Every structure is written in C-alpha cells, then in structure tokens.
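S.K.: My questions will all concern the structure given below.
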Amino acid sequence: MPADGLYDILDDRFRTGHCADGDSRLEVLYDDCRWAEGPVYLPAWRQVIWSDIPNDRLLRWDEATGSVGVFRAPAGHSNGNTLDRRGRLVSCEQGNRRVTRTEPDGTVTVLADRYAGKRLNSPNDSVVRSDGTIWFSDPDFGITSDYEGHRAESEIGACHVYRIDPVTGTVHLAADGFEGPNGVVLSPDEQRLYVSDSRAARIHVFEVREDGTLSEGRVFAEARGDVHFDNIRFDDEGRLWAAALDDGVHCYDPDGTLIGRLRVPEPVSNLAFGGPKNNRLFLTATTSLYSLMMSVTGAPRV
C-alpha cells in the first residue's frame with residue numbers, strides 16, 4: 001500500500017506531529033481469523049496476544065520468529081485484552097460474561113462476573129490504573145447471537161461501564177447512559193477515562209476522581225457520516241487513536257479535532273502500540289493482524 005494511500009492528512013498537525021512518517025505500507029502478520037479483536041503486546045515475551053472471537057481462541061504472534069500459535073482455546077469468546085501493572089493478562093470474556101486475569105502459572109482468576117447479583121452482559125474492553133483499579137465496558141454484543149458468544153437475555157437490562165475495586169474486588173457502576181460502550185482507555189496521566197460508544201458513534205471523556213469515581217462526562221469526539229468506533233489508545237503526545245471499523249484508524253488531537261486517518265483494507269476493530277520502542281502499531285481488522293512501524297510512540301508503559 002503506497003504512502004499516499006495509507007496516510008490521510010486532514011489537518012497539518014498530523015503532518016507536523018510526524019504521524020505520517022512511518023512505514024509506507026501495512027504488514028500482514030496473520031490472516032486466518034473470523035473476527036479479530038483485542039491485541040495486546042507483552043514486552044517481556046515480545047509477543048502479541050489477540051482474540052479470534054467466533055473461533056473462541058486467543059492467538060499469539062512471536063516478534064522474534066514471526067510464528068503464530070494458539071495461546072488458549074476455548075477462551076470464553078474473549079474480546080479485549082490488556083495487561084495489569086504486574087504484566088498479567090486481563091481479558092474480557094464476553095462468552096463467559098466475565099473479566100478474568102491470567103496468573104503467572106497459567107491459572108485463571110475471575111475478577112468480575114456480576115453486578116448487584118446479576119450476570120454481566122458481555123464484557124468488551126478494560127483498562128487498569130497504576131493502583132490496580134480496573135474499568136471495563138459491558139455492552140450486549142456477546143449475547144445478541146451465538147456468533148461471538150451465547151444468545152441470552154440481559155439480566156441487567158442496560159449497557160454500562162463498571163469499576164473493580166483493587167482492594168475489595170467489589171464491582172461498582174462507573175458510568176451509564178451508553179448505547180453500546182466499547183473501548184476504554186485512561187489518559188497517560190490517569191486523570192481522565194475515555195469510552196467509545198459504538199452504537200452512538202461518539203467518544204466520551206470523564207474526569208477520574210482519586211477514589212475512582214467519575215465526573216458526569218462530556219463528548220470528546222463524534223464520528224462523521226456512517227462511521228462507528230471500536231477501541232481507542234493514546235500515543236505519548238496525547239493524541240487519541242481510534243479504531244473506526246470501515247473508516248480505518250482515526251487520529252484525534254488532544255482538543256478533539258480529527259487530524260488524520262490510516263486507511264486499512266479491512267474494517268478495523270482494535271489497535272495497540274507495542275514493540276521494543278513502543279512505536280509499532282498492531283491492528284486487528286476482520287480476518288487479520290497487521291502491524292505498522294511508526295514515527296509515533298505509544299503512551300508510556302508504566
């Protein structure tokens with residue numbers, strides 16, 4: 001894919017910020033998924049783990065050898081994956097309707113599967129604060145059919161964002177009013193929580209109080225036309241990168257302005273920064289795992 005076909009410069013800040021100075025084409029690392037999501041880079045192992053949801057498996061790509069293998073199957077129709085501050089894998093198992101953590105010995109610990117005594121819908125994405133607090137989104141995507149989970153009625157009756165207390169493990173309602181909450185990410189300074197709402201085609205931002213509760217929130221960005229957002233990630237200059245399905249990857253200035261776009265040949269579900277320098281962007285897009293070596297660096301791994 002030529003450079004002028006990969007980078008779409010919509011504002012000069014995308015150019016002056018060197019956002020379009022990386023590789024001139026996307027690299028295909030794997031292309032045999034049904035619907036790929038949830039990439040996360042493991043620095044200690046130089047590997048990417050991601051979800052192939054309909055096939056009910058977690059896959060693993062090795063950076064040193066380029067080999068791909070199965071990390072876990074079945075995997076509870078896992079969707080989003082992230083790491084906690086001890087490097088442990090945290091997964092949103094939308095088929096099992098729970099959030100789990102994989103321990104160093106390979107055992108799986110359930111972190112959340114209910115709120116107020118009712119089963120969660122189908123956890124989608126999560127983020128972990130430096131003190132161990134976890135926020136996660138809980139849309140109904142995994143219970144609307146058997147394709148990415150198990151068809152069922154929602155016990156809660158709505159789609160929310162929740163917070164898991166790091167000391168007690170209690171699940172708290174963090175924010176409501178969403179149509180289909182999806183990607184969640186903390187700002188690099190951990191002062192704000194960003195949540196994409198796929199059905200509403202917008203990204204919300206909330207101020208995070210010291211106790212983990214959130215402000216009322218506001219709209220950070222709204223999609224143009226028939227565009228919908230999936231997950232979101234920050235670079236180290238405070239720009240927000242959003243998987244925008246059929247519209248590739250969007251890049252937003254800290255003030256909420258859409259300044260550029262990456263064109264991708266398949267609908268983009270999720271993205272994550274990784275690599276030894278944290279400047280390799282990994283994309284899951286429909287059947288494939290792509291990567292792009294960039295001149296932009298992801299938000300620091302702390």
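Chain identifiers are assigned as A, B, and so on, following the order in which chains appear in the structure tokens; residues are numbered from 1 within each chain, and ligands are numbered from 1 in order of appearance.
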Using DSSP on the backbone coordinates, identify all residues within segment 11-68 of chain A classified as helix (DSSP H, G or I); present the result as an NGL selection string.
M.R.: :A and (12-16)
S.K.: Store the residues of this selection in a file with all heavy atoms, as a compact mmCIF listing (two decimals), in the first residue's frame.
M.R.:
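The file below, out.txt, is the result:
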```txt
# COMPACT_ATOMS: atom_id res chain seq x y z
N ASP A 12 -2.92 19.91 9.40
CA ASP A 12 -1.46 19.98 9.33
C ASP A 12 -0.78 19.44 10.58
O ASP A 12 0.39 19.06 10.54
CB ASP A 12 -1.02 21.43 9.07
CG ASP A 12 0.42 21.49 8.55
OD1 ASP A 12 0.72 20.78 7.56
OD2 ASP A 12 1.23 22.23 9.14
N ARG A 13 -1.50 19.36 11.68
CA ARG A 13 -0.93 18.81 12.91
C ARG A 13 -0.58 17.33 12.75
O ARG A 13 0.30 16.83 13.45
CB ARG A 13 -1.89 19.02 14.08
CG ARG A 13 -1.92 20.44 14.61
CD ARG A 13 -3.02 20.64 15.62
NE ARG A 13 -4.33 20.71 15.00
CZ ARG A 13 -5.46 20.95 15.67
NH1 ARG A 13 -5.42 21.13 16.99
NH2 ARG A 13 -6.62 21.01 15.03
N PHE A 14 -1.27 16.64 11.86
CA PHE A 14 -0.94 15.25 11.59
C PHE A 14 0.42 15.15 10.90
O PHE A 14 1.21 14.23 11.18
CB PHE A 14 -2.03 14.63 10.71
CG PHE A 14 -2.01 13.12 10.64
CD1 PHE A 14 -2.37 12.35 11.73
CD2 PHE A 14 -1.64 12.47 9.48
CE1 PHE A 14 -2.37 10.96 11.68
CE2 PHE A 14 -1.63 11.08 9.40
CZ PHE A 14 -2.00 10.32 10.50
N ARG A 15 0.71 16.12 10.06
CA ARG A 15 2.00 16.14 9.36
C ARG A 15 3.13 16.62 10.28
O ARG A 15 4.17 15.97 10.39
CB ARG A 15 1.92 17.05 8.13
CG ARG A 15 3.14 17.02 7.22
CD ARG A 15 3.10 18.14 6.19
NE ARG A 15 1.82 18.23 5.51
CZ ARG A 15 1.48 17.49 4.46
NH1 ARG A 15 2.33 16.60 3.99
NH2 ARG A 15 0.29 17.64 3.89
N THR A 16 2.91 17.77 10.94
CA THR A 16 3.97 18.34 11.79
C THR A 16 4.23 17.47 13.02
O THR A 16 5.33 17.53 13.60
CB THR A 16 3.60 19.76 12.24
OG1 THR A 16 2.36 19.73 12.97
CG2 THR A 16 3.46 20.68 11.03
```
S.K.: Using DSSP secondary structure from the backbone, list all strand (DSSP E) positions within segment 30-250 of chain A, as a ChimeraX atom specification.
M.R.: /A:30,36-42,47-52,57-62,68-72,78-83,89-93,98-102,108-112,114-115,118-119,126-128,134-138,160-164,171-175,181-186,192-197,202-207,218-222,232-234,240-243,249-250
S.K.: What are the closest atom pairs, with distances in Å to one decimal, for each residue of segment 73-168 of chain A lying within 9 Å of segment 195-218 of chain A, using only C-alpha atoms, rows by chain and rising residue number, as JSON lines?
M.R.:
```
{"residue": "A:Thr133", "atom": "CA", "partner": "A:Gly212", "partner_atom": "CA", "distance": 7.5}
{"residue": "A:Ser137", "atom": "CA", "partner": "A:Val195", "partner_atom": "CA", "distance": 8.2}
{"residue": "A:Val161", "atom": "CA", "partner": "A:Val195", "partner_atom": "CA", "distance": 8.5}
{"residue": "A:Arg163", "atom": "CA", "partner": "A:Gly212", "partner_atom": "CA", "distance": 7.7}
{"residue": "A:Asp165", "atom": "CA", "partner": "A:Gly212", "partner_atom": "CA", "distance": 8.4}
```
S.K.: Emit the selected residues as an mmCIF file, in the first residue's frame, including N, CA and C atoms.
M.R.:
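Dumped everything to result.cif:
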```cif
data_model
loop_
_atom_site.group_PDB
_atom_site.id
_atom_site.type_symbol
_atom_site.label_atom_id
_atom_site.label_comp_id
_atom_site.auth_asym_id
_atom_site.auth_seq_id
_atom_site.Cartn_x
_atom_site.Cartn_y
_atom_site.Cartn_z
ATOM 1 N N THR A 133 -6.924 -0.480 40.104
ATOM 2 C CA THR A 133 -8.328 -0.275 39.753
ATOM 3 C C THR A 133 -8.549 -0.644 38.282
ATOM 4 N N SER A 137 -15.958 -2.068 30.036
ATOM 5 C CA SER A 137 -17.231 -1.820 29.364
ATOM 6 C C SER A 137 -18.010 -3.121 29.275
ATOM 7 N N VAL A 161 -20.543 1.010 32.026
ATOM 8 C CA VAL A 161 -19.115 0.877 32.328
ATOM 9 C C VAL A 161 -18.992 0.682 33.834
ATOM 10 N N ARG A 163 -16.436 -0.380 37.448
ATOM 11 C CA ARG A 163 -15.126 -0.264 38.092
ATOM 12 C C ARG A 163 -14.969 -1.391 39.102
ATOM 13 N N ASP A 165 -12.935 -2.527 42.347
ATOM 14 C CA ASP A 165 -12.085 -2.009 43.416
ATOM 15 C C ASP A 165 -10.871 -2.919 43.584
#
```
S.K.: Within 7 Å of Val227 of chain A, counting only C-alpha atoms, which residues show up once you throw out same-chain ones fewer than 2 positions away? Write them as number ranges by chain, please.
M.R.: A: 201, 223-225, 229, 244, 247
S.K.: So, counting only C-alpha atoms, which residue among A:Phe220, A:Tyr7, A:Trp61, A:Trp45 is closest to Tyr30 of chain A?
M.R.: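 Looking only at the distances to Tyr30 of chain A, the closest residue turns out to be A:Trp61.
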S.K.: Could you give me, as a ChimeraX atom specification, the residues within 9 Å of His150 of chain A, counting only C-alpha atoms and dropping anything in the same chain fewer than 6 positions from it?
M.R.: /A:94-96,142-144
S.K.: If we count only C-alpha atoms, what is near Val99 of chain A at a cut-off of 9 Å, once residues fewer than 4 positions away on the same chain are taken out, given as a list in words?
M.R.: Val90, Ser91, Cys92, Glu93, Gln94, Thr109, Val110, Leu111, Ala112, Asp113, Pro123, Asn124, Ser126 and Phe136 of chain A
S.K.: With a distance cut-off of 12 Å and only C-alpha atoms, select the neighbouring residues of Ala44 of chain A, excluding the residue or stretch itself and same-chain residues fewer than 4 positions from it, and output the selection as a PyMOL selection string.
M.R.: chain A and resi 48+62-63+83+86-88+274-276+301
S.K.: Take the residues from that selection and write them out as a short mmCIF file (atom, residue, chain, number, x, y, z; two decimals), in the first residue's frame, keeping N, CA and C atoms.
M.R.:
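Below is the file that was written, selection.cif:
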```
data_model
loop_
_atom_site.label_atom_id
_atom_site.label_comp_id
_atom_site.auth_asym_id
_atom_site.auth_seq_id
_atom_site.Cartn_x
_atom_site.Cartn_y
_atom_site.Cartn_z
N VAL A 48 2.50 -10.67 20.75
CA VAL A 48 1.17 -10.07 20.73
C VAL A 48 0.15 -11.19 20.96
N ASP A 62 4.69 -14.24 17.71
CA ASP A 62 6.02 -14.05 18.29
C ASP A 62 6.84 -13.09 17.42
N GLU A 63 7.30 -11.99 18.03
CA GLU A 63 8.01 -10.96 17.26
C GLU A 63 9.36 -11.44 16.75
N LEU A 83 -2.94 -5.57 29.93
CA LEU A 83 -2.03 -6.03 30.99
C LEU A 83 -2.25 -5.19 32.23
N ARG A 86 1.52 -5.60 36.80
CA ARG A 86 2.46 -6.70 37.05
C ARG A 86 2.65 -7.56 35.82
N GLY A 87 2.12 -7.10 34.68
CA GLY A 87 2.31 -7.82 33.43
C GLY A 87 1.39 -9.01 33.25
N ARG A 88 0.35 -9.11 34.05
CA ARG A 88 -0.60 -10.22 33.92
C ARG A 88 -1.70 -9.87 32.92
N GLY A 274 3.08 -1.31 20.54
CA GLY A 274 3.99 -2.29 21.11
C GLY A 274 5.34 -2.24 20.46
N GLY A 275 6.06 -3.34 20.54
CA GLY A 275 7.44 -3.38 20.05
C GLY A 275 8.40 -2.89 21.11
N PRO A 276 9.69 -3.16 20.94
CA PRO A 276 10.69 -2.76 21.94
C PRO A 276 10.68 -1.26 22.24
N ARG A 301 4.53 2.70 28.84
CA ARG A 301 4.11 1.52 29.57
C ARG A 301 4.65 1.65 30.98
#
```
S.K.: So the first atom is atom CA of Glu148 of chain A and the second is atom CA of Asp226 of chain A; what is the distance between them in Å, to one decimal place?
M.R.: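 Calculated distance between atom CA of Glu148 of chain A and atom CA of Asp226 of chain A is 23.1 Å.
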S.K.: Using only C-alpha atoms, can you tell me which of A:Val219, A:Val128, A:Tyr115, A:Asp138 comes closest to Thr170 of chain A?
M.R.: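 Closest to Thr170 of chain A of all the choices is A:Tyr115.
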S.K.: With a distance cut-off of 12 Å and only C-alpha atoms, select the neighbouring residues of Arg114 of chain A, excluding the residue or stretch itself and same-chain residues fewer than 5 positions from it, and output the selection as a list of chain:residue names.
M.R.: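 Result of the neighbour search: A:Asn96, A:Arg97, A:Arg98, A:Val99, A:Arg119, A:Leu120, A:Asn121, A:Ser122, A:Pro123, A:Asp138, A:Ser154, A:Glu155, A:Ile156, A:Tyr162, A:Arg163, A:Ile164, A:Gly169, A:Thr170, A:Val171, A:His172, A:Leu173.
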